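Accompanying notes for the structure given below.
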Amino acid sequence: MYNIFKLLVFKTLILIISLLSLQAFSEDLRIKINSGQVEPLPIAIANFTGEDGKTSKIGMQISTVISNNLVGSGQFKAIESAAFIAPPTSPSVRPNFMDWTPLGIKALITGSVKTLNDQQIEVEFRLWDVIAETDLIGLRLSVNTRAWRRVAHIISDEIFERLSGDSGYFDTRIVYVSESGPQNKRIKRLAIMDQDGENHQFLTDGNFLVLTPRFSPTLQEITYLAYFKNEPRVYIFNLETGQQELLGSFPGMTFAPRFSASGEKIIMSLAEKGVTDIYTMDLNTQEVKRLTNSPSIDTSPSFSPDGKKIIFNSDRGGTQQLYIMDSTGENVKRISFGKGRYATPVWAPKGELIAFTKMLKNKFYIGVMSPDGSGERLLAKGYLVEGPTWAPNGRVLMYFKQEAPIDDGKSTNVNLFKIDITGFRETRIVTPSDGSDPAWSPLLPN
């Protein structure tokens, strides 16, 4: 069942030489997405054509996915004119820019799909700067026919990076906990899907409880916590092979470990006699090292991207707050000083922000702050909002939100959401059943 993730084997990857250097890149197409609400860039995405120069079914599907990705990022606005202005019959054909300029369109995407044989297609696209009247970038990919959706994600990443200056996040996956059944007898299964909710698959059968999956930052591999005969066990699951390995049984563990940036270590919290401390494990030697030793509850640790620091939450100061320490466990420093309690911190991929859960006045929030505790911003709130996870480019957060119980006091919905770090465009990710504890993958390998 896991071979679908290995379908995309590139036979050809040709960078079409741009006629416009990066230095000469039209400033009108630059997007600044660091803070505040962004004015979306108007773009047109033409339906990809077939060998006859006319729109094909698979070409329309590819362009639709590209449009959904770019518009869903909040940085782009797709102009429907692509449906009634005749685009070039091939991405190699120069468009008539005079058709597009009056509509305020800044960039145009054209493409084609060519059938190579029963199992392969060749997909080509080109991004055009309508203002400067020249092309910016293009790709030609030969892939398995069933991988057309992934091709659309790869093209979306190329366009996003070229127009925003930041790496994309569309060619990624989300692993999460799928929940079903009554609240007093909840069935929880590991599930995985593309970042847009497509290609959904279950990884476990629900015969045992699973919690808090975590993605490796370097491999298509996850850790997760499973309760087998009421005993918490930690597993590593290789998503490419479908094989899993038992790391061990850890009484007192409530959250699965997180990987270090190198993927060679995991970090976790373990409870013993009412005291919870933080430990690391070397995955090569399985050597366990204790980092904290205090009468408080130290939990939810996360490595910084460079592996030199660790963020965690602790009640050592009397309330649940965020602390940073060296990777050796030394130089512990509190960084959160706002009202309320803080939990589940996780470092952004580039290290400039830390996401967290905050509890204040019977409400839950997802927020971000700088590693020194400054610049706290609350992005999402609800009856119960938890478990932030970063897109690999650090521009989007995903989390889960539970609604308040309805009249019977037992029924409630739990769903996955994503939001831009500016705090705009909160979007629900539709899943077959309730979903919690999401974890975002790195970009998929070619």
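Lettering and numbering for the structure tokens are positional, with chains as A, B, ... in the shown order, residues counted from 1 in each chain, and ligands counted from 1 in the shown order.
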Taking 3 positions as the minimum chain separation for residues in the same chain, which residues sit within 12 Å of A:Arg334 when counting only C-alpha atoms? Answer as a list in words.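 Within the cut-off, the hits are Ile310, Ile311, Phe312, Asn313, Ser314, Asp315, Arg316, Gly317, Thr319, Gln320, Gln321, Leu322, Tyr323, Ile324, Met325, Asn331, Phe337, Gly338, Tyr342, Pro371, Asp372, Gly373 and Ser374 of chain A.
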Report the closest atom pair, with its distance in Å rounded to one decimal, for each residue of stretch 121-217 of chain A that has an atom no farther than 12 Å from stretch 93-98 of chain A; count only C-alpha atoms, sort by chain and then rising residue number, and write it as CSV.
residue,atom,partner,partner_atom,distance
A:Phe125,CA,A:Val93,CA,11.1
A:Arg126,CA,A:Val93,CA,9.7
A:Leu127,CA,A:Pro95,CA,10.9
A:Trp128,CA,A:Pro95,CA,8.4
A:Asp129,CA,A:Phe97,CA,9.1
A:Val130,CA,A:Phe97,CA,6.0
A:Ile131,CA,A:Phe97,CA,8.2
A:Ala132,CA,A:Phe97,CA,9.4
A:Glu133,CA,A:Phe97,CA,6.4
A:Thr134,CA,A:Arg94,CA,8.2
A:Asp135,CA,A:Arg94,CA,8.5
Those same residues - C-alpha atoms - I'd like them written as a PDB file, in the first residue's frame.
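The file below, again-v6.pdb, is the result:
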ATOM      1  CA  PHE A 125       4.978  24.189 -17.643  1.00  0.00           C
ATOM      2  CA  ARG A 126       6.213  27.740 -17.939  1.00  0.00           C
ATOM      3  CA  LEU A 127       5.767  30.778 -15.705  1.00  0.00           C
ATOM      4  CA  TRP A 128       5.474  34.092 -17.532  1.00  0.00           C
ATOM      5  CA  ASP A 129       6.009  37.607 -16.198  1.00  0.00           C
ATOM      6  CA  VAL A 130       3.167  39.537 -17.813  1.00  0.00           C
ATOM      7  CA  ILE A 131       4.611  42.910 -16.789  1.00  0.00           C
ATOM      8  CA  ALA A 132       8.090  42.343 -18.211  1.00  0.00           C
ATOM      9  CA  GLU A 133       6.663  40.200 -21.063  1.00  0.00           C
ATOM     10  CA  THR A 134       9.116  37.362 -20.634  1.00  0.00           C
ATOM     11  CA  ASP A 135       9.357  33.900 -19.089  1.00  0.00           C
TER      12      ASP A 135
END
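Going from atom CA of A:Ile45 to atom CA of A:Ala147 covers 20.1 Å.
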Please identify which residues in stretch 88-286 of chain A DSSP calls strand (DSSP E) from the backbone, and express them as number ranges by chain. A: 107-115, 120-129, 134-144, 173-180, 187-194, 201-202, 209-215, 221-228, 231-238, 244-249, 258-259, 265-272, 275-282
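The shortest atom-to-atom distance to A:Met359, with only C-alpha atoms taken into account, belongs to A:Arg341 out of A:Lys333, A:Arg341, A:Lys418, A:Arg150.
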Please provide the set of residues having any atom within 9 Å of A:Asp166, restricted to only C-alpha atoms, with same-chain residues fewer than 5 positions apart removed, written as a compact mmCIF listing (two decimals) with C-alpha atoms, in the first residue's frame.
# COMPACT_ATOMS: atom_id res chain seq x y z
CA PHE A 160 5.73 29.75 -5.17
CA GLU A 161 9.49 29.90 -4.73
CA ASN A 393 9.15 26.45 4.87
CA ARG A 395 5.12 29.90 6.61
Find the residue from A:Phe250, A:Phe259, A:Phe215, A:Tyr176 that sits nearest to A:Leu416; use only C-alpha atoms when measuring. A:Tyr176
I need the alpha helix (DSSP H) residues of stretch 68-101 of chain A per DSSP on the backbone, written as a ChimeraX atom specification. /A:68-72,97-100
Find the residue from A:Val288, A:Ile109, A:Ala343, A:Ile297 that sits nearest to A:Ala271; use only C-alpha atoms when measuring.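 Smallest separation from A:Ala271 among the options: A:Ile297.
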At what distance in Å, to one decimal, does atom CA of A:Arg428 lie from atom CA of A:Pro388?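 These atoms are spaced 13.9 Å apart.
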Could you tell me which of A:Gln402, A:Ser249, A:Ser260, A:Ser436 comes closest to A:Gly387 if we count only C-alpha atoms? A:Ser436
Excluding A:Phe208 and residues on its chain fewer than 3 positions from it, collect all residues at most 7 Å away from it, counting only C-alpha atoms, and give them as a list in words. Ala226, Tyr227 and Phe228 of chain A
Please produce a file of those selected residues containing C-alpha atoms, as a tab-separated table (two decimals), in the first residue's frame.
chain	number	residue	atom	x	y	z
A	226	ALA	CA	1.03	3.41	21.02
A	227	TYR	CA	-0.64	1.85	24.04
A	228	PHE	CA	-0.31	-1.93	23.97
Between atom CA of A:Asp420 and atom CA of A:Thr223 - distance in Å to one decimal: 25.9 Å
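Proximity of A:Met253, A:Ile105, A:Ile429, A:Val346 to A:Arg214, computed with only C-alpha atoms, is greatest for A:Val346.
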